Amino acid sequence: MTTDVTLRLVNPGSQQDDTTVVGYLSIRDVQFSGQTYESQSCLDLNVESHPLAVPLHIEKGNSKLPIFLSWLQLEAHIWTQSSPRHEIGTVHIEQKGMLPFGATREGPANWLWEILPEDVELVESTHSHQANSPFRFMCEVKGIAKVHLANGDLSDVVFLRGSNPLFTIELSHWERLMQSLEYKLPPSHESLAGLSSLQHPSWTDTTKLLDDARAHLRAGEDYDALRSCLSTLESLVTPPYQADAWKKQLTAFPNQKANGLAELFSGMATYCNKVGHHLSRRERDDDGNLQQMPLDHWEADLVVGAAQFVTAYAIRLRLAGLLTDVPAPTTDAQGETVSA
């Protein structure tokens, strides 16, 4: 995933870059090593600086004097590629990460890429229609550098800038990075729930149970996302799309409320079953195969979000003993089921 950023001089008083190239910065890898910035977990951008094939120099008379560049100020910014573009997180560069440019390669060094949950949600929302393709970003680097002669004397101060629109992270690697950052639920989902829900164990349990559904959603696998939601509900009650199956376990409630809860839980499972799991019973494609139900990504996104709330509701009832467990069937010595 090496990404090379070509750094060029910027003409004074102009937004246009000079054609003069001074060197290359390479982002070699993105990893998580537990580094933090002001207590916020960050990703590591592993960088190196590379010299030109012809060493940097300035001409003085008939002589070519070798030079090297060191940074006074250095910034890096990472953006989404989609329009309108959005900056993703903040890149923190310490002094040791300001690699000089001269006659030799310098580095490696680490820059800290601080990504907040709202950044992750934005990245994944722009990626949703690209299925299993890599995450694509644009990397921009700019700064002010001092030009030194070989003996260390200061010769000039210049402004440098460069970018590369092909900074990519493979989907599987992105998933591992987000797990390391302990990213679980999009902030927009959590913002709809109150503290009484967010701070209850049922919310945490549900978030873990629906991890696979959200992973499928990020990969653009919308039908699989719905099937995963169905499996989660099925882990509570079987079959989850039958209201009576839920009502049998809601005996602590008045009949009217038990009916309402049963319809709520089974309704969610029914949608996931009929749209995400089963093919049409009648409509066929040109080859005679039964068709999948139409499903837009925005629909799957809403359903997975709704499943977080509905499942958390059911699990909270289970933890309170209000959604009872169906006792496992007992068997006699001959292995026959014995009715209760």
# chains A, B, ... in the order shown; residues from 1 in each chain; ligands from 1
call {"tool": "closest_atom_pairs", "arguments": {"of": "range 90-167 of chain A", "to": "range 30-40 of chain A", "cutoff": "10 Å", "atoms": "only C-alpha atoms", "output": "Markdown table"}}
result
| residue | atom | partner | partner_atom | distance |
| --- | --- | --- | --- | --- |
| A:His92 | CA | A:Tyr37 | CA | 8.0 |
| A:Asn110 | CA | A:Val30 | CA | 9.4 |
| A:Trp111 | CA | A:Val30 | CA | 9.6 |
| A:Leu112 | CA | A:Gln35 | CA | 7.6 |
| A:Trp113 | CA | A:Val30 | CA | 9.0 |
| A:Glu114 | CA | A:Gln40 | CA | 7.2 |
| A:Ile115 | CA | A:Gln40 | CA | 8.7 |
| A:Leu116 | CA | A:Gln40 | CA | 8.5 |
call {"tool": "residues_around", "arguments": {"residues": "range 149-154 of chain A", "least_positions_apart": "4", "cutoff": "9 Å", "atoms": "only C-alpha atoms", "output": "ChimeraX atom specification"}}
result
/A:57-58,65-69
call {"tool": "write_last_selection", "arguments": {"atoms": "N, CA, C and O atoms", "output": "mmCIF file, in the first residue's frame"}}
result
data_model
loop_
_atom_site.group_PDB
_atom_site.id
_atom_site.type_symbol
_atom_site.label_atom_id
_atom_site.label_comp_id
_atom_site.auth_asym_id
_atom_site.auth_seq_id
_atom_site.Cartn_x
_atom_site.Cartn_y
_atom_site.Cartn_z
ATOM 1 N N HIS A 57 20.967 20.324 -5.400
ATOM 2 C CA HIS A 57 22.095 21.249 -5.430
ATOM 3 C C HIS A 57 21.608 22.630 -5.855
ATOM 4 O O HIS A 57 20.489 22.779 -6.361
ATOM 5 N N ILE A 58 22.404 23.615 -5.619
ATOM 6 C CA ILE A 58 22.178 24.944 -6.166
ATOM 7 C C ILE A 58 23.413 25.314 -6.985
ATOM 8 O O ILE A 58 24.523 24.831 -6.726
ATOM 9 N N LEU A 65 26.580 23.323 -5.808
ATOM 10 C CA LEU A 65 26.788 23.087 -4.383
ATOM 11 C C LEU A 65 25.692 22.173 -3.841
ATOM 12 O O LEU A 65 24.494 22.476 -3.973
ATOM 13 N N PRO A 66 26.064 21.039 -3.260
ATOM 14 C CA PRO A 66 25.039 20.140 -2.715
ATOM 15 C C PRO A 66 24.298 20.800 -1.548
ATOM 16 O O PRO A 66 24.880 21.560 -0.780
ATOM 17 N N ILE A 67 23.005 20.486 -1.435
ATOM 18 C CA ILE A 67 22.185 21.056 -0.369
ATOM 19 C C ILE A 67 21.321 19.960 0.247
ATOM 20 O O ILE A 67 21.181 18.864 -0.312
ATOM 21 N N PHE A 68 20.751 20.248 1.419
ATOM 22 C CA PHE A 68 19.730 19.382 2.004
ATOM 23 C C PHE A 68 18.663 20.273 2.637
ATOM 24 O O PHE A 68 18.904 21.458 2.929
ATOM 25 N N LEU A 69 17.479 19.715 2.822
ATOM 26 C CA LEU A 69 16.347 20.466 3.338
ATOM 27 C C LEU A 69 15.907 19.893 4.675
ATOM 28 O O LEU A 69 15.850 18.670 4.844
#
call {"tool": "atom_distance", "arguments": {"atom1": "CA of Ile78 in chain A", "atom2": "CA of Pro187 in chain A"}}
result
20.7 Å
call {"tool": "residues_around", "arguments": {"residues": "Tyr271 in chain A", "least_positions_apart": "4", "cutoff": "9 Å", "atoms": "only C-alpha atoms", "output": "NGL selection string"}}
result
:A and (226 or 230 or 241 or 266-267 or 275-276 or 303)
call {"tool": "residues_around", "arguments": {"residues": "Asp301 in chain A", "least_positions_apart": "2", "cutoff": "10 Å", "atoms": "only C-alpha atoms", "output": "ChimeraX atom specification"}}
result
/A:125,128,213-214,217-218,220,222,225-226,296-299,303-307
call {"tool": "atom_distance", "arguments": {"atom1": "CA of Met293 in chain A", "atom2": "CA of Tyr313 in chain A"}}
result
27.6 Å
call {"tool": "select_by_dssp", "arguments": {"residues": "range 70-206 of chain A", "states": "helix (DSSP H, G or I)", "output": "ChimeraX atom specification"}}
result
/A:95-97,117-130,171-180,187-190,195-198,201-206
call {"tool": "residues_around", "arguments": {"residues": "Glu124 in chain A", "least_positions_apart": "5", "cutoff": "12 Å", "atoms": "only C-alpha atoms", "output": "VMD selection string"}}
result
chain A and resid 80 82 88 117 to 119 129 to 137 171 174 to 175 178 183 185 to 186 214 to 220 301
call {"tool": "write_last_selection", "arguments": {"atoms": "N, CA and C atoms", "output": "mmCIF file, in the first residue's frame"}}
result
data_model
loop_
_atom_site.group_PDB
_atom_site.id
_atom_site.type_symbol
_atom_site.label_atom_id
_atom_site.label_comp_id
_atom_site.auth_asym_id
_atom_site.auth_seq_id
_atom_site.Cartn_x
_atom_site.Cartn_y
_atom_site.Cartn_z
ATOM 1 N N THR A 80 -11.193 12.341 1.999
ATOM 2 C CA THR A 80 -11.950 11.395 1.180
ATOM 3 C C THR A 80 -11.799 11.799 -0.278
ATOM 4 N N SER A 82 -14.310 11.271 -2.513
ATOM 5 C CA SER A 82 -15.614 11.632 -3.057
ATOM 6 C C SER A 82 -15.862 13.125 -2.922
ATOM 7 N N ILE A 88 -10.328 13.623 6.934
ATOM 8 C CA ILE A 88 -10.542 12.505 7.853
ATOM 9 C C ILE A 88 -9.493 12.551 8.960
ATOM 10 N N PRO A 117 -14.626 8.488 16.015
ATOM 11 C CA PRO A 117 -15.741 7.670 15.505
ATOM 12 C C PRO A 117 -16.543 8.338 14.395
ATOM 13 N N GLU A 118 -16.741 9.656 14.483
ATOM 14 C CA GLU A 118 -17.490 10.330 13.424
ATOM 15 C C GLU A 118 -16.724 10.331 12.106
ATOM 16 N N ASP A 119 -15.372 10.317 12.171
ATOM 17 C CA ASP A 119 -14.571 10.193 10.957
ATOM 18 C C ASP A 119 -14.776 8.818 10.320
ATOM 19 N N HIS A 129 -21.061 1.967 -1.375
ATOM 20 C CA HIS A 129 -21.471 1.468 -2.685
ATOM 21 C C HIS A 129 -20.310 0.825 -3.453
ATOM 22 N N GLN A 130 -19.186 0.622 -2.773
ATOM 23 C CA GLN A 130 -18.005 0.085 -3.450
ATOM 24 C C GLN A 130 -17.682 -1.341 -3.040
ATOM 25 N N ALA A 131 -18.648 -1.972 -2.365
ATOM 26 C CA ALA A 131 -18.535 -3.394 -1.987
ATOM 27 C C ALA A 131 -17.182 -3.687 -1.353
ATOM 28 N N ASN A 132 -16.449 -4.659 -1.900
ATOM 29 C CA ASN A 132 -15.217 -5.110 -1.264
ATOM 30 C C ASN A 132 -13.973 -4.376 -1.744
ATOM 31 N N SER A 133 -14.145 -3.249 -2.403
ATOM 32 C CA SER A 133 -13.000 -2.493 -2.893
ATOM 33 C C SER A 133 -12.264 -1.822 -1.734
ATOM 34 N N PRO A 134 -11.008 -1.439 -1.934
ATOM 35 C CA PRO A 134 -10.252 -0.785 -0.860
ATOM 36 C C PRO A 134 -10.856 0.578 -0.511
ATOM 37 N N PHE A 135 -10.502 1.058 0.670
ATOM 38 C CA PHE A 135 -10.832 2.438 1.040
ATOM 39 C C PHE A 135 -9.805 3.349 0.379
ATOM 40 N N ARG A 136 -10.289 4.379 -0.287
ATOM 41 C CA ARG A 136 -9.402 5.266 -1.045
ATOM 42 C C ARG A 136 -9.425 6.670 -0.457
ATOM 43 N N PHE A 137 -8.223 7.218 -0.285
ATOM 44 C CA PHE A 137 -8.068 8.541 0.289
ATOM 45 C C PHE A 137 -7.120 9.365 -0.576
ATOM 46 N N LEU A 171 -9.867 -3.427 2.484
ATOM 47 C CA LEU A 171 -11.018 -3.565 3.371
ATOM 48 C C LEU A 171 -10.692 -4.400 4.608
ATOM 49 N N TRP A 174 -8.511 -2.476 6.956
ATOM 50 C CA TRP A 174 -9.305 -1.424 7.598
ATOM 51 C C TRP A 174 -10.126 -2.004 8.757
ATOM 52 N N GLU A 175 -10.717 -3.170 8.523
ATOM 53 C CA GLU A 175 -11.509 -3.821 9.575
ATOM 54 C C GLU A 175 -10.642 -4.101 10.802
ATOM 55 N N MET A 178 -9.903 -0.869 12.671
ATOM 56 C CA MET A 178 -11.050 -0.366 13.429
ATOM 57 C C MET A 178 -11.292 -1.210 14.690
ATOM 58 N N TYR A 183 -13.580 0.595 17.569
ATOM 59 C CA TYR A 183 -14.750 1.228 16.956
ATOM 60 C C TYR A 183 -15.832 0.171 16.794
ATOM 61 N N LEU A 185 -19.889 1.107 17.016
ATOM 62 C CA LEU A 185 -21.189 1.550 16.548
ATOM 63 C C LEU A 185 -21.089 2.960 15.987
ATOM 64 N N PRO A 186 -21.717 3.241 14.829
ATOM 65 C CA PRO A 186 -21.693 4.600 14.291
ATOM 66 C C PRO A 186 -22.270 5.597 15.300
ATOM 67 N N ARG A 214 -22.931 -5.333 10.855
ATOM 68 C CA ARG A 214 -22.338 -4.064 10.450
ATOM 69 C C ARG A 214 -21.124 -4.275 9.547
ATOM 70 N N ALA A 215 -20.386 -5.354 9.768
ATOM 71 C CA ALA A 215 -19.249 -5.662 8.882
ATOM 72 C C ALA A 215 -19.754 -5.943 7.470
ATOM 73 N N HIS A 216 -20.834 -6.712 7.351
ATOM 74 C CA HIS A 216 -21.421 -6.962 6.026
ATOM 75 C C HIS A 216 -21.901 -5.663 5.399
ATOM 76 N N LEU A 217 -22.486 -4.804 6.205
ATOM 77 C CA LEU A 217 -22.995 -3.533 5.692
ATOM 78 C C LEU A 217 -21.858 -2.675 5.154
ATOM 79 N N ARG A 218 -20.736 -2.617 5.877
ATOM 80 C CA ARG A 218 -19.579 -1.833 5.428
ATOM 81 C C ARG A 218 -19.030 -2.375 4.115
ATOM 82 N N ALA A 219 -19.137 -3.680 3.932
ATOM 83 C CA ALA A 219 -18.623 -4.300 2.711
ATOM 84 C C ALA A 219 -19.618 -4.236 1.567
ATOM 85 N N GLY A 220 -20.779 -3.619 1.799
ATOM 86 C CA GLY A 220 -21.791 -3.539 0.750
ATOM 87 C C GLY A 220 -22.576 -4.824 0.574
ATOM 88 N N ASP A 301 -29.080 -0.123 5.678
ATOM 89 C CA ASP A 301 -28.496 0.722 6.714
ATOM 90 C C ASP A 301 -29.526 1.050 7.795
#
call {"tool": "atom_distance", "arguments": {"atom1": "CA of Leu160 in chain A", "atom2": "CA of Ala53 in chain A"}}
result
18.8 Å
call {"tool": "residues_around", "arguments": {"residues": "Ala145 in chain A", "least_positions_apart": "2", "cutoff": "7 Å", "atoms": "only C-alpha atoms", "output": "JSON, numbers by chain"}}
result
{"A": [69, 70, 71, 72, 73, 143, 147, 157, 158, 159]}
call {"tool": "write_last_selection", "arguments": {"atoms": "all heavy atoms", "output": "PDB file, in the first residue's frame"}}
result
ATOM      1  N   LEU A  69      17.479  19.715   2.822  1.00  0.00           N
ATOM      2  CA  LEU A  69      16.347  20.466   3.338  1.00  0.00           C
ATOM      3  C   LEU A  69      15.907  19.893   4.675  1.00  0.00           C
ATOM      4  O   LEU A  69      15.850  18.670   4.844  1.00  0.00           O
ATOM      5  CB  LEU A  69      15.165  20.426   2.358  1.00  0.00           C
ATOM      6  CG  LEU A  69      15.188  21.383   1.155  1.00  0.00           C
ATOM      7  CD1 LEU A  69      16.288  20.997   0.177  1.00  0.00           C
ATOM      8  CD2 LEU A  69      13.845  21.378   0.433  1.00  0.00           C
ATOM      9  N   SER A  70      15.613  20.782   5.606  1.00  0.00           N
ATOM     10  CA  SER A  70      15.026  20.372   6.884  1.00  0.00           C
ATOM     11  C   SER A  70      13.773  21.206   7.117  1.00  0.00           C
ATOM     12  O   SER A  70      13.677  22.349   6.681  1.00  0.00           O
ATOM     13  CB  SER A  70      16.026  20.562   8.031  1.00  0.00           C
ATOM     14  OG  SER A  70      16.338  21.940   8.200  1.00  0.00           O
ATOM     15  N   TRP A  71      12.823  20.615   7.830  1.00  0.00           N
ATOM     16  CA  TRP A  71      11.510  21.248   7.979  1.00  0.00           C
ATOM     17  C   TRP A  71      11.484  22.238   9.141  1.00  0.00           C
ATOM     18  O   TRP A  71      11.949  21.954  10.241  1.00  0.00           O
ATOM     19  CB  TRP A  71      10.439  20.192   8.232  1.00  0.00           C
ATOM     20  CG  TRP A  71      10.210  19.264   7.077  1.00  0.00           C
ATOM     21  CD1 TRP A  71      10.694  17.994   6.936  1.00  0.00           C
ATOM     22  CD2 TRP A  71       9.433  19.531   5.913  1.00  0.00           C
ATOM     23  NE1 TRP A  71      10.273  17.458   5.752  1.00  0.00           N
ATOM     24  CE2 TRP A  71       9.485  18.374   5.097  1.00  0.00           C
ATOM     25  CE3 TRP A  71       8.687  20.630   5.478  1.00  0.00           C
ATOM     26  CZ2 TRP A  71       8.829  18.287   3.873  1.00  0.00           C
ATOM     27  CZ3 TRP A  71       8.031  20.547   4.251  1.00  0.00           C
ATOM     28  CH2 TRP A  71       8.115  19.395   3.466  1.00  0.00           C
ATOM     29  N   LEU A  72      10.910  23.407   8.876  1.00  0.00           N
ATOM     30  CA  LEU A  72      10.520  24.329   9.933  1.00  0.00           C
ATOM     31  C   LEU A  72       9.104  24.010  10.398  1.00  0.00           C
ATOM     32  O   LEU A  72       8.782  24.084  11.572  1.00  0.00           O
ATOM     33  CB  LEU A  72      10.562  25.779   9.424  1.00  0.00           C
ATOM     34  CG  LEU A  72      11.904  26.482   9.415  1.00  0.00           C
ATOM     35  CD1 LEU A  72      11.782  27.817   8.688  1.00  0.00           C
ATOM     36  CD2 LEU A  72      12.400  26.718  10.837  1.00  0.00           C
ATOM     37  N   GLN A  73       8.268  23.655   9.438  1.00  0.00           N
ATOM     38  CA  GLN A  73       6.872  23.323   9.710  1.00  0.00           C
ATOM     39  C   GLN A  73       6.429  22.273   8.702  1.00  0.00           C
ATOM     40  O   GLN A  73       6.776  22.357   7.523  1.00  0.00           O
ATOM     41  CB  GLN A  73       5.984  24.568   9.592  1.00  0.00           C
ATOM     42  CG  GLN A  73       4.507  24.307   9.801  1.00  0.00           C
ATOM     43  CD  GLN A  73       3.673  25.544   9.486  1.00  0.00           C
ATOM     44  OE1 GLN A  73       4.202  26.611   9.194  1.00  0.00           O
ATOM     45  NE2 GLN A  73       2.350  25.389   9.523  1.00  0.00           N
ATOM     46  N   GLY A 143       4.455  22.282   3.781  1.00  0.00           N
ATOM     47  CA  GLY A 143       5.228  22.817   4.878  1.00  0.00           C
ATOM     48  C   GLY A 143       6.281  23.818   4.430  1.00  0.00           C
ATOM     49  O   GLY A 143       6.436  24.106   3.234  1.00  0.00           O
ATOM     50  N   VAL A 147      16.687  25.508   3.499  1.00  0.00           N
ATOM     51  CA  VAL A 147      17.666  24.970   2.557  1.00  0.00           C
ATOM     52  C   VAL A 147      19.058  25.204   3.139  1.00  0.00           C
ATOM     53  O   VAL A 147      19.454  26.347   3.399  1.00  0.00           O
ATOM     54  CB  VAL A 147      17.543  25.649   1.175  1.00  0.00           C
ATOM     55  CG1 VAL A 147      18.572  25.058   0.206  1.00  0.00           C
ATOM     56  CG2 VAL A 147      16.132  25.498   0.627  1.00  0.00           C
ATOM     57  N   VAL A 157      14.821  29.732   2.498  1.00  0.00           N
ATOM     58  CA  VAL A 157      13.632  29.146   3.102  1.00  0.00           C
ATOM     59  C   VAL A 157      12.594  29.003   1.992  1.00  0.00           C
ATOM     60  O   VAL A 157      12.344  29.958   1.243  1.00  0.00           O
ATOM     61  CB  VAL A 157      13.071  30.017   4.243  1.00  0.00           C
ATOM     62  CG1 VAL A 157      11.762  29.435   4.771  1.00  0.00           C
ATOM     63  CG2 VAL A 157      14.080  30.129   5.377  1.00  0.00           C
ATOM     64  N   VAL A 158      12.015  27.814   1.850  1.00  0.00           N
ATOM     65  CA  VAL A 158      11.095  27.544   0.735  1.00  0.00           C
ATOM     66  C   VAL A 158       9.812  26.905   1.258  1.00  0.00           C
ATOM     67  O   VAL A 158       9.779  26.339   2.363  1.00  0.00           O
ATOM     68  CB  VAL A 158      11.743  26.626  -0.324  1.00  0.00           C
ATOM     69  CG1 VAL A 158      12.919  27.305  -0.994  1.00  0.00           C
ATOM     70  CG2 VAL A 158      12.174  25.295   0.312  1.00  0.00           C
ATOM     71  N   PHE A 159       8.758  27.019   0.454  1.00  0.00           N
ATOM     72  CA  PHE A 159       7.477  26.385   0.763  1.00  0.00           C
ATOM     73  C   PHE A 159       7.306  25.194  -0.160  1.00  0.00           C
ATOM     74  O   PHE A 159       7.498  25.300  -1.385  1.00  0.00           O
ATOM     75  CB  PHE A 159       6.328  27.375   0.566  1.00  0.00           C
ATOM     76  CG  PHE A 159       4.987  26.834   1.013  1.00  0.00           C
ATOM     77  CD1 PHE A 159       4.688  26.700   2.363  1.00  0.00           C
ATOM     78  CD2 PHE A 159       4.040  26.430   0.092  1.00  0.00           C
ATOM     79  CE1 PHE A 159       3.468  26.203   2.783  1.00  0.00           C
ATOM     80  CE2 PHE A 159       2.820  25.931   0.490  1.00  0.00           C
ATOM     81  CZ  PHE A 159       2.530  25.816   1.844  1.00  0.00           C
TER      82      PHE A 159
END
call {"tool": "residues_around", "arguments": {"residues": "Leu25 in chain A", "least_positions_apart": "6", "cutoff": "9 Å", "atoms": "only C-alpha atoms", "output": "PyMOL selection string"}}
result
chain A and resi 3-7+47-50+99+141
call {"tool": "write_last_selection", "arguments": {"atoms": "N, CA, C and O atoms", "output": "CSV table (one decimal), in the first residue's frame"}}
result
chain,number,residue,atom,x,y,z
A,3,THR,N,2.4,4.6,-0.6
A,3,THR,CA,1.9,5.8,-1.3
A,3,THR,C,3.0,6.8,-1.3
A,3,THR,O,3.5,7.3,-0.3
A,4,ASP,N,3.5,7.2,-2.5
A,4,ASP,CA,4.5,8.2,-2.7
A,4,ASP,C,3.9,9.6,-2.9
A,4,ASP,O,3.0,9.8,-3.8
A,5,VAL,N,4.4,10.6,-2.2
A,5,VAL,CA,3.9,12.0,-2.3
A,5,VAL,C,5.1,12.8,-2.9
A,5,VAL,O,6.2,12.8,-2.2
A,6,THR,N,5.0,13.3,-4.1
A,6,THR,CA,6.0,14.1,-4.7
A,6,THR,C,6.0,15.5,-4.2
A,6,THR,O,4.9,16.2,-4.4
A,7,LEU,N,7.0,16.0,-3.6
A,7,LEU,CA,7.1,17.3,-3.1
A,7,LEU,C,7.7,18.3,-4.0
A,7,LEU,O,8.8,18.1,-4.6
A,47,VAL,N,6.4,6.4,7.6
A,47,VAL,CA,6.8,7.2,6.5
A,47,VAL,C,8.4,7.1,6.4
A,47,VAL,O,9.1,6.9,7.3
A,48,GLU,N,8.8,7.4,5.1
A,48,GLU,CA,10.2,7.5,4.8
A,48,GLU,C,10.3,8.7,3.8
A,48,GLU,O,9.4,9.0,3.1
A,49,SER,N,11.5,9.3,3.8
A,49,SER,CA,11.8,10.3,2.7
A,49,SER,C,12.9,9.7,1.8
A,49,SER,O,13.8,9.0,2.2
A,50,HIS,N,12.7,10.0,0.5
A,50,HIS,CA,13.5,9.5,-0.5
A,50,HIS,C,14.1,10.6,-1.4
A,50,HIS,O,13.4,11.5,-1.8
A,99,LEU,N,11.2,14.3,8.5
A,99,LEU,CA,12.4,13.7,7.9
A,99,LEU,C,13.0,14.7,6.9
A,99,LEU,O,12.3,15.3,6.0
A,141,VAL,N,0.5,16.9,1.6
A,141,VAL,CA,1.6,17.2,2.5
A,141,VAL,C,2.0,18.6,2.1
A,141,VAL,O,2.2,19.0,1.0
call {"tool": "select_by_dssp", "arguments": {"residues": "range 13-126 of chain A", "states": "strand (DSSP E)", "output": "MDAnalysis selection string"}}
result
chainID A and resid 17:31 36:37 40:41 43:50 57:60 63:80 90:92 106:114
call {"tool": "closest_residue", "arguments": {"among": "A:Val123, A:Asp44, A:Ala320, A:Asn273", "to": "Pro239 in chain A", "atoms": "only C-alpha atoms"}}
result
A:Asn273
